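Source file: run.pdb (PDB, C-alpha atoms, pLDDT in the B column)
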```pdb
ATOM      1  CA  MET Y1358      83.929  64.148  38.753  1.00 46.00           C
ATOM      2  CA  ARG Y1359      82.670  62.671  35.521  1.00 44.00           C
ATOM      3  CA  THR Y1360      84.179  65.471  33.423  1.00 43.00           C
ATOM      4  CA  SER Y1361      87.730  64.709  34.529  1.00 42.00           C
ATOM      5  CA  ALA Y1362      87.292  61.037  33.772  1.00 42.00           C
ATOM      6  CA  CYS Y1363      86.210  61.851  30.220  1.00 40.00           C
ATOM      7  CA  VAL Y1364      89.173  64.235  29.704  1.00 42.00           C
ATOM      8  CA  PHE Y1365      91.560  61.543  30.949  1.00 45.00           C
ATOM      9  CA  VAL Y1366      90.183  59.074  28.424  1.00 44.00           C
ATOM     10  CA  LEU Y1367      90.593  61.628  25.606  1.00 44.00           C
ATOM     11  CA  VAL Y1368      94.180  62.416  26.604  1.00 43.00           C
ATOM     12  CA  ALA Y1369      94.963  58.723  26.719  1.00 45.00           C
ATOM     13  CA  LEU Y1370      93.463  58.211  23.283  1.00 45.00           C
ATOM     14  CA  LEU Y1371      95.511  61.147  21.876  1.00 47.00           C
ATOM     15  CA  GLY Y1372      98.655  59.632  23.325  1.00 49.00           C
ATOM     16  CA  ILE Y1373      97.911  56.367  21.604  1.00 50.00           C
ATOM     17  CA  ALA Y1374      97.241  58.150  18.333  1.00 47.00           C
ATOM     18  CA  LEU Y1375     100.551  60.092  18.483  1.00 48.00           C
ATOM     19  CA  ALA Y1376     102.499  56.983  19.338  1.00 49.00           C
ATOM     20  CA  ALA Y1377     100.909  55.136  16.461  1.00 50.00           C
ATOM     21  CA  CYS Y1378     101.953  57.874  14.002  1.00 50.00           C
ATOM     22  CA  GLY Y1379     105.582  57.455  14.910  1.00 52.00           C
ATOM     23  CA  GLY Y1380     105.994  60.724  16.758  1.00 50.00           C
ATOM     24  CA  SER Y1381     109.528  62.059  16.839  1.00 49.00           C
ATOM     25  CA  GLU Y1382     112.549  59.844  16.948  1.00 50.00           C
ATOM     26  CA  GLU Y1383     114.212  62.028  19.503  1.00 53.00           C
ATOM     27  CA  ALA Y1384     111.670  61.182  22.063  1.00 53.00           C
ATOM     28  CA  GLY Y1385     112.781  57.573  22.069  1.00 56.00           C
ATOM     29  CA  PRO Y1386     110.554  54.636  22.080  1.00 59.00           C
ATOM     30  CA  ALA Y1387     107.000  55.462  22.794  1.00 60.00           C
ATOM     31  CA  ALA Y1388     105.885  54.605  26.272  1.00 65.00           C
ATOM     32  CA  PRO Y1389     102.878  52.383  26.475  1.00 67.00           C
ATOM     33  CA  PRO Y1390      99.762  54.356  27.094  1.00 65.00           C
ATOM     34  CA  PRO Y1391      98.400  54.318  30.606  1.00 67.00           C
ATOM     35  CA  PRO Y1392      95.587  51.794  31.161  1.00 68.00           C
ATOM     36  CA  VAL Y1393      92.099  53.149  30.742  1.00 64.00           C
ATOM     37  CA  THR Y1394      90.124  52.880  33.924  1.00 66.00           C
ATOM     38  CA  GLU Y1395      86.733  54.034  34.868  1.00 66.00           C
ATOM     39  CA  ALA Y1396      85.885  55.817  38.022  1.00 66.00           C
ATOM     40  CA  PRO Y1397      84.553  53.473  40.730  1.00 65.00           C
ATOM     41  CA  PRO Y1398      80.807  53.579  41.161  1.00 68.00           C
ATOM     42  CA  GLU Y1399      79.581  55.797  43.909  1.00 70.00           C
ATOM     43  CA  PRO Y1400      78.204  53.938  46.943  1.00 68.00           C
ATOM     44  CA  PRO Y1401      74.492  54.427  47.569  1.00 65.00           C
ATOM     45  CA  PRO Y1402      73.654  56.952  50.237  1.00 63.00           C
ATOM     46  CA  GLU Y1403      73.018  55.436  53.607  1.00 64.00           C
ATOM     47  CA  THR Y1404      69.591  56.293  54.916  1.00 60.00           C
ATOM     48  CA  GLY Y1405      69.448  53.937  57.864  1.00 56.00           C
ATOM     49  CA  ALA Y1406      66.892  51.852  56.054  1.00 53.00           C
ATOM     50  CA  GLU Y1407      67.727  48.458  54.696  1.00 58.00           C
ATOM     51  CA  THR Y1408      69.416  48.415  51.341  1.00 57.00           C
ATOM     52  CA  GLU Y1409      67.282  47.997  48.292  1.00 62.00           C
ATOM     53  CA  ALA Y1410      67.015  44.614  46.701  1.00 63.00           C
ATOM     54  CA  PRO Y1411      69.082  44.180  43.558  1.00 60.00           C
ATOM     55  CA  PRO Y1412      67.178  44.448  40.297  1.00 61.00           C
ATOM     56  CA  PRO Y1413      65.627  41.209  39.031  1.00 60.00           C
ATOM     57  CA  CYS Y1414      68.297  40.814  36.371  1.00 59.00           C
ATOM     58  CA  CYS Y1415      71.047  40.657  38.984  1.00 55.00           C
ATOM     59  CA  ALA Y1416      69.278  38.947  41.859  1.00 54.00           C
ATOM     60  CA  ALA Y1417      70.533  35.526  42.821  1.00 56.00           C
ATOM     61  CA  THR Y1418      67.985  32.866  42.042  1.00 57.00           C
ATOM     62  CA  THR Y1419      67.444  31.274  45.404  1.00 63.00           C
ATOM     63  CA  ALA Y1420      63.691  30.914  45.103  1.00 71.00           C
ATOM     64  CA  GLU Y1421      62.417  27.375  44.714  1.00 79.00           C
ATOM     65  CA  PRO Y1422      60.813  26.551  41.409  1.00 79.00           C
ATOM     66  CA  PRO Y1423      57.031  26.446  41.459  1.00 83.00           C
ATOM     67  CA  PRO Y1424      55.663  23.046  42.422  1.00 85.00           C
ATOM     68  CA  LEU Y1425      54.661  20.755  39.623  1.00 85.00           C
ATOM     69  CA  PRO Y1426      50.925  20.364  39.234  1.00 85.00           C
ATOM     70  CA  GLU Y1427      49.610  17.276  40.916  1.00 86.00           C
ATOM     71  CA  PRO Y1428      48.389  14.581  38.562  1.00 83.00           C
ATOM     72  CA  PRO Y1429      44.665  14.073  38.597  1.00 83.00           C
ATOM     73  CA  PRO Y1430      43.593  11.388  41.048  1.00 83.00           C
ATOM     74  CA  ALA Y1431      43.343   7.951  39.561  1.00 84.00           C
ATOM     75  CA  GLU Y1432      39.817   6.907  38.873  1.00 84.00           C
ATOM     76  CA  PRO Y1433      38.682   4.352  41.403  1.00 83.00           C
ATOM     77  CA  PRO Y1434      37.871   0.981  39.934  1.00 82.00           C
ATOM     78  CA  PRO Y1435      34.208   0.573  39.182  1.00 83.00           C
ATOM     79  CA  ALA Y1436      32.369  -0.500  42.258  1.00 85.00           C
ATOM     80  CA  GLU Y1437      31.062  -4.009  42.190  1.00 86.00           C
ATOM     81  CA  PRO Y1438      27.318  -4.096  42.394  1.00 84.00           C
ATOM     82  CA  PRO Y1439      26.090  -5.020  45.827  1.00 82.00           C
ATOM     83  CA  PRO Y1440      24.977  -8.596  46.184  1.00 77.00           C
ATOM     84  CA  PRO Y1441      21.295  -9.034  45.644  1.00 73.00           C
ATOM     85  CA  PRO Y1442      19.265  -9.209  48.794  1.00 73.00           C
ATOM     86  CA  ALA Y1443      18.696 -12.677  50.149  1.00 70.00           C
ATOM     87  CA  PRO Y1444      15.408 -14.084  48.921  1.00 78.00           C
ATOM     88  CA  GLU Y1445      12.643 -14.298  51.438  1.00 79.00           C
ATOM     89  CA  PRO Y1446      11.945 -17.822  52.660  1.00 77.00           C
ATOM     90  CA  LEU Y1447       8.493 -19.248  52.181  1.00 78.00           C
ATOM     91  CA  PRO Y1448       6.152 -18.892  55.151  1.00 81.00           C
ATOM     92  CA  GLY Y1449       6.807 -21.532  57.764  1.00 82.00           C
ATOM     93  CA  LEU Y1450      10.378 -22.274  56.577  1.00 83.00           C
ATOM     94  CA  PRO Y1451      13.593 -21.197  58.327  1.00 86.00           C
ATOM     95  CA  ASP Y1452      15.445 -18.122  56.987  1.00 85.00           C
ATOM     96  CA  TYR Y1453      18.372 -20.201  55.689  1.00 86.00           C
ATOM     97  CA  THR Y1454      16.109 -21.832  53.096  1.00 87.00           C
ATOM     98  CA  GLY Y1455      15.410 -18.532  51.325  1.00 86.00           C
ATOM     99  CA  GLY Y1456      16.180 -18.839  47.598  1.00 88.00           C
ATOM    100  CA  TYR Y1457      16.256 -22.646  47.603  1.00 90.00           C
ATOM    101  CA  ARG Y1458      14.876 -22.692  44.035  1.00 89.00           C
ATOM    102  CA  ASP Y1459      18.296 -21.362  42.890  1.00 90.00           C
ATOM    103  CA  TRP Y1460      20.079 -24.345  44.492  1.00 92.00           C
ATOM    104  CA  LEU Y1461      21.066 -27.576  42.751  1.00 91.00           C
ATOM    105  CA  LEU Y1462      17.982 -29.444  41.500  1.00 93.00           C
ATOM    106  CA  LEU Y1463      18.503 -33.127  42.341  1.00 92.00           C
ATOM    107  CA  ASN Y1464      15.781 -34.705  40.198  1.00 92.00           C
ATOM    108  CA  GLU Y1465      15.943 -34.595  36.379  1.00 92.00           C
ATOM    109  CA  GLN Y1466      12.149 -34.382  35.971  1.00 94.00           C
ATOM    110  CA  PRO Y1467       9.504 -33.363  38.512  1.00 92.00           C
ATOM    111  CA  ILE Y1468       8.493 -36.385  40.601  1.00 90.00           C
ATOM    112  CA  PRO Y1469       4.783 -37.108  39.983  1.00 89.00           C
ATOM    113  CA  PRO Y1470       2.449 -37.987  42.850  1.00 86.00           C
ATOM    114  CA  ASN Y1471       2.038 -41.684  43.670  1.00 82.00           C
ATOM    115  CA  PRO Y1472      -1.668 -42.579  43.785  1.00 78.00           C
ATOM    116  CA  ASP Y1473      -0.966 -45.700  45.916  1.00 81.00           C
ATOM    117  CA  GLY Y1474       0.468 -43.720  48.768  1.00 76.00           C
ATOM    118  CA  ASP Y1475       1.956 -40.325  48.692  1.00 74.00           C
ATOM    119  CA  ALA Y1476       2.360 -38.306  51.860  1.00 74.00           C
ATOM    120  CA  HIS Y1477       2.269 -35.016  49.946  1.00 73.00           C
ATOM    121  CA  LEU Y1478      -0.167 -35.938  47.170  1.00 78.00           C
ATOM    122  CA  GLY Y1479       1.667 -33.602  44.787  1.00 85.00           C
ATOM    123  CA  THR Y1480       4.448 -33.166  42.248  1.00 89.00           C
ATOM    124  CA  LYS Y1481       7.831 -32.872  43.916  1.00 91.00           C
ATOM    125  CA  ASN Y1482      11.223 -31.256  43.249  1.00 93.00           C
ATOM    126  CA  VAL Y1483      14.220 -31.783  45.523  1.00 93.00           C
ATOM    127  CA  TYR Y1484      16.954 -29.142  45.968  1.00 93.00           C
ATOM    128  CA  ALA Y1485      20.349 -29.277  47.730  1.00 93.00           C
ATOM    129  CA  SER Y1486      22.376 -26.326  48.993  1.00 91.00           C
ATOM    130  CA  LEU Y1487      25.733 -28.118  48.457  1.00 90.00           C
ATOM    131  CA  GLU Y1488      27.048 -30.515  45.824  1.00 88.00           C
ATOM    132  CA  ALA Y1489      27.277 -34.168  46.869  1.00 86.00           C
ATOM    133  CA  ASP Y1490      30.402 -36.325  46.589  1.00 88.00           C
ATOM    134  CA  ARG Y1491      29.596 -39.135  44.170  1.00 84.00           C
ATOM    135  CA  SER Y1492      33.129 -40.518  43.707  1.00 87.00           C
ATOM    136  CA  GLY Y1493      32.854 -43.543  46.034  1.00 84.00           C
ATOM    137  CA  GLY Y1494      29.823 -45.127  44.362  1.00 84.00           C
ATOM    138  CA  SER Y1495      27.448 -43.579  46.879  1.00 86.00           C
ATOM    139  CA  ILE Y1496      26.044 -40.066  47.291  1.00 85.00           C
ATOM    140  CA  VAL Y1497      27.484 -38.279  50.310  1.00 90.00           C
ATOM    141  CA  TYR Y1498      26.517 -34.712  51.123  1.00 88.00           C
ATOM    142  CA  PRO Y1499      28.972 -32.630  53.161  1.00 90.00           C
ATOM    143  CA  ASP Y1500      28.144 -31.574  56.702  1.00 92.00           C
ATOM    144  CA  GLY Y1501      25.912 -28.511  56.665  1.00 91.00           C
ATOM    145  CA  ALA Y1502      24.174 -29.345  53.394  1.00 92.00           C
ATOM    146  CA  ILE Y1503      20.483 -28.448  53.349  1.00 91.00           C
ATOM    147  CA  ILE Y1504      17.953 -30.538  51.409  1.00 91.00           C
ATOM    148  CA  VAL Y1505      14.531 -29.078  50.566  1.00 91.00           C
ATOM    149  CA  LYS Y1506      11.708 -31.121  49.054  1.00 90.00           C
ATOM    150  CA  GLU Y1507       9.003 -29.005  47.504  1.00 89.00           C
ATOM    151  CA  ALA Y1508       5.586 -30.522  46.768  1.00 87.00           C
ATOM    152  CA  THR Y1509       2.953 -28.805  44.661  1.00 85.00           C
ATOM    153  CA  ARG Y1510      -0.671 -29.976  44.590  1.00 79.00           C
ATOM    154  CA  PRO Y1511      -2.279 -28.741  41.407  1.00 72.00           C
ATOM    155  CA  GLU Y1512      -5.765 -28.530  42.858  1.00 70.00           C
ATOM    156  CA  THR Y1513      -4.773 -26.518  45.968  1.00 62.00           C
ATOM    157  CA  ASP Y1514      -1.412 -24.792  45.328  1.00 51.00           C
ATOM    158  CA  SER Y1515      -0.786 -22.110  42.743  1.00 52.00           C
ATOM    159  CA  GLY Y1516       2.905 -22.997  42.430  1.00 49.00           C
TER     160      GLY Y1516
END
```

Can you dump the structure from the file as C-alpha cells?
Amino acid sequence: MRTSACVFVLVALLGIALAACGGSEEAGPAAPPPPVTEAPPEPPPETGAETEAPPPCCAATTAEPPPLPEPPPAEPPPAEPPPPPAPEPLPGLPDYTGGYRDWLLLNEQPIPPNPDGDAHLGTKNVYASLEADRSGGSIVYPDGAIIVKEATRPETDSG
C-alpha cells in the first residue's frame, strides 16, 4: 500500500516538471497537476480492550494544576505572661487584703507612735485599695474601698 502512494507522488512530480519545461505546444495548455494526497492512516486494530490513551504530547490537558503550597501558619502573638499569683494575706487577715503593701499609701511619712495614748504603740502606715475622690473639698472613698492600717512595734515586730 505504501509503495503505490510513493509512485503516485513521483508521477505527480514528473508531471509538474514536464509542465514547467513547456512540454509540447500541440498538447495544449498544461493541465494542473493532481493534488498530492497522502494515504489515510490505518485504524488501530480492535482487540476488545479499551483504546490506548493518546501520547502525552497530544493528550488534552484536563488535569487540574497542582495545588499551590499553603503559606506557613502565622506566628501566634507572643503570649502575655500570666498574672502573678495573688500575694498571701498576713495571718489573721481576710484573703482580700493580700498584697495591701502594693496599694496606695495614704500617709506621706510613717506615723510615729504617740506616747500619750496610742492603741497600737507602734509606727503606722495606712493603705487604700481604691483612690479617693478629693474634688469636693473632702475625701470620699468609693463603695468597696478597703483601708488597712499597719502598725509595727520595733521591740516586738520584725517588720

I need every residue sitting at most 9 Å from the point (4.1, -31.4, 39.6) (coordinates as in the file, all atoms listed in the file considered), written as a VMD selection string.
chain Y and resid 1467 to 1470 1479 to 1482 1508 to 1511 1516

Spatial neighbours of Tyr1484 of chain Y, max dist 6 Å, all atoms listed in the file, sep filter under 4 positions, as a list in words:
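The contact residues come out as Trp1460, Leu1461, Leu1462, Leu1463, Ile1504 and Val1505 of chain Y.
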
Please, what distance in Å, to one decimal, runs between atom CA of Pro1446 of chain Y and atom CA of Asp1459 of chain Y?
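We find that atom CA of Pro1446 of chain Y and atom CA of Asp1459 of chain Y lie 12.2 Å from each other.
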
Report, in Å to a single decimal, how far apart atom CA of Ser1495 of chain Y and atom CA of Glu1507 of chain Y are.
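These two atoms are separated by 23.5 Å.
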
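Across the model, the gap from atom CA of Ala1502 of chain Y to atom CA of Glu1488 of chain Y is 8.2 Å.
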
Determine the residue membership of the PyMOL selection byres ((chain Y and resi 1447) around 12) for the file above and supply it as a PyMOL selection string.
chain Y and resi 1444-1446+1448-1458+1505+1507+1516

Got a minute to add N, CA and C atoms to segment 1464-1478 of chain Y and dump it as a PDB file, keeping the file's coordinate frame?
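The resulting out_21.pdb:
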```pdb
ATOM      1  N   ASN Y1464      16.518 -33.819  41.095  1.00 92.00           N
ATOM      2  CA  ASN Y1464      15.781 -34.705  40.198  1.00 92.00           C
ATOM      3  C   ASN Y1464      15.818 -34.126  38.767  1.00 92.00           C
ATOM      4  N   GLU Y1465      15.890 -35.045  37.772  1.00 92.00           N
ATOM      5  CA  GLU Y1465      15.943 -34.595  36.379  1.00 92.00           C
ATOM      6  C   GLU Y1465      14.580 -34.094  35.919  1.00 92.00           C
ATOM      7  N   GLN Y1466      13.524 -34.758  36.312  1.00 94.00           N
ATOM      8  CA  GLN Y1466      12.149 -34.382  35.971  1.00 94.00           C
ATOM      9  C   GLN Y1466      11.367 -34.249  37.272  1.00 94.00           C
ATOM     10  N   PRO Y1467      10.318 -33.416  37.284  1.00 92.00           N
ATOM     11  CA  PRO Y1467       9.504 -33.363  38.512  1.00 92.00           C
ATOM     12  C   PRO Y1467       8.969 -34.768  38.849  1.00 92.00           C
ATOM     13  N   ILE Y1468       8.946 -35.063  40.126  1.00 90.00           N
ATOM     14  CA  ILE Y1468       8.493 -36.385  40.601  1.00 90.00           C
ATOM     15  C   ILE Y1468       6.970 -36.328  40.726  1.00 90.00           C
ATOM     16  N   PRO Y1469       6.255 -37.166  39.935  1.00 89.00           N
ATOM     17  CA  PRO Y1469       4.783 -37.108  39.983  1.00 89.00           C
ATOM     18  C   PRO Y1469       4.251 -37.732  41.276  1.00 89.00           C
ATOM     19  N   PRO Y1470       3.027 -37.387  41.641  1.00 86.00           N
ATOM     20  CA  PRO Y1470       2.449 -37.987  42.850  1.00 86.00           C
ATOM     21  C   PRO Y1470       2.205 -39.485  42.638  1.00 86.00           C
ATOM     22  N   ASN Y1471       2.279 -40.242  43.706  1.00 82.00           N
ATOM     23  CA  ASN Y1471       2.038 -41.684  43.670  1.00 82.00           C
ATOM     24  C   ASN Y1471       0.628 -41.923  44.194  1.00 82.00           C
ATOM     25  N   PRO Y1472      -0.278 -42.394  43.327  1.00 78.00           N
ATOM     26  CA  PRO Y1472      -1.668 -42.579  43.785  1.00 78.00           C
ATOM     27  C   PRO Y1472      -1.814 -43.663  44.838  1.00 78.00           C
ATOM     28  N   ASP Y1473      -0.862 -44.623  44.937  1.00 81.00           N
ATOM     29  CA  ASP Y1473      -0.966 -45.700  45.916  1.00 81.00           C
ATOM     30  C   ASP Y1473      -0.549 -45.264  47.313  1.00 81.00           C
ATOM     31  N   GLY Y1474       0.054 -44.173  47.440  1.00 76.00           N
ATOM     32  CA  GLY Y1474       0.468 -43.720  48.768  1.00 76.00           C
ATOM     33  C   GLY Y1474       1.503 -42.615  48.625  1.00 76.00           C
ATOM     34  N   ASP Y1475       1.055 -41.473  48.809  1.00 74.00           N
ATOM     35  CA  ASP Y1475       1.956 -40.325  48.692  1.00 74.00           C
ATOM     36  C   ASP Y1475       1.636 -39.378  49.839  1.00 74.00           C
ATOM     37  N   ALA Y1476       2.596 -39.150  50.685  1.00 74.00           N
ATOM     38  CA  ALA Y1476       2.360 -38.306  51.860  1.00 74.00           C
ATOM     39  C   ALA Y1476       2.006 -36.884  51.472  1.00 74.00           C
ATOM     40  N   HIS Y1477       2.497 -36.412  50.327  1.00 73.00           N
ATOM     41  CA  HIS Y1477       2.269 -35.016  49.946  1.00 73.00           C
ATOM     42  C   HIS Y1477       1.171 -34.868  48.885  1.00 73.00           C
ATOM     43  N   LEU Y1478       0.845 -35.961  48.224  1.00 78.00           N
ATOM     44  CA  LEU Y1478      -0.167 -35.938  47.170  1.00 78.00           C
ATOM     45  C   LEU Y1478       0.077 -34.807  46.164  1.00 78.00           C
TER      46      LEU Y1478
END
```
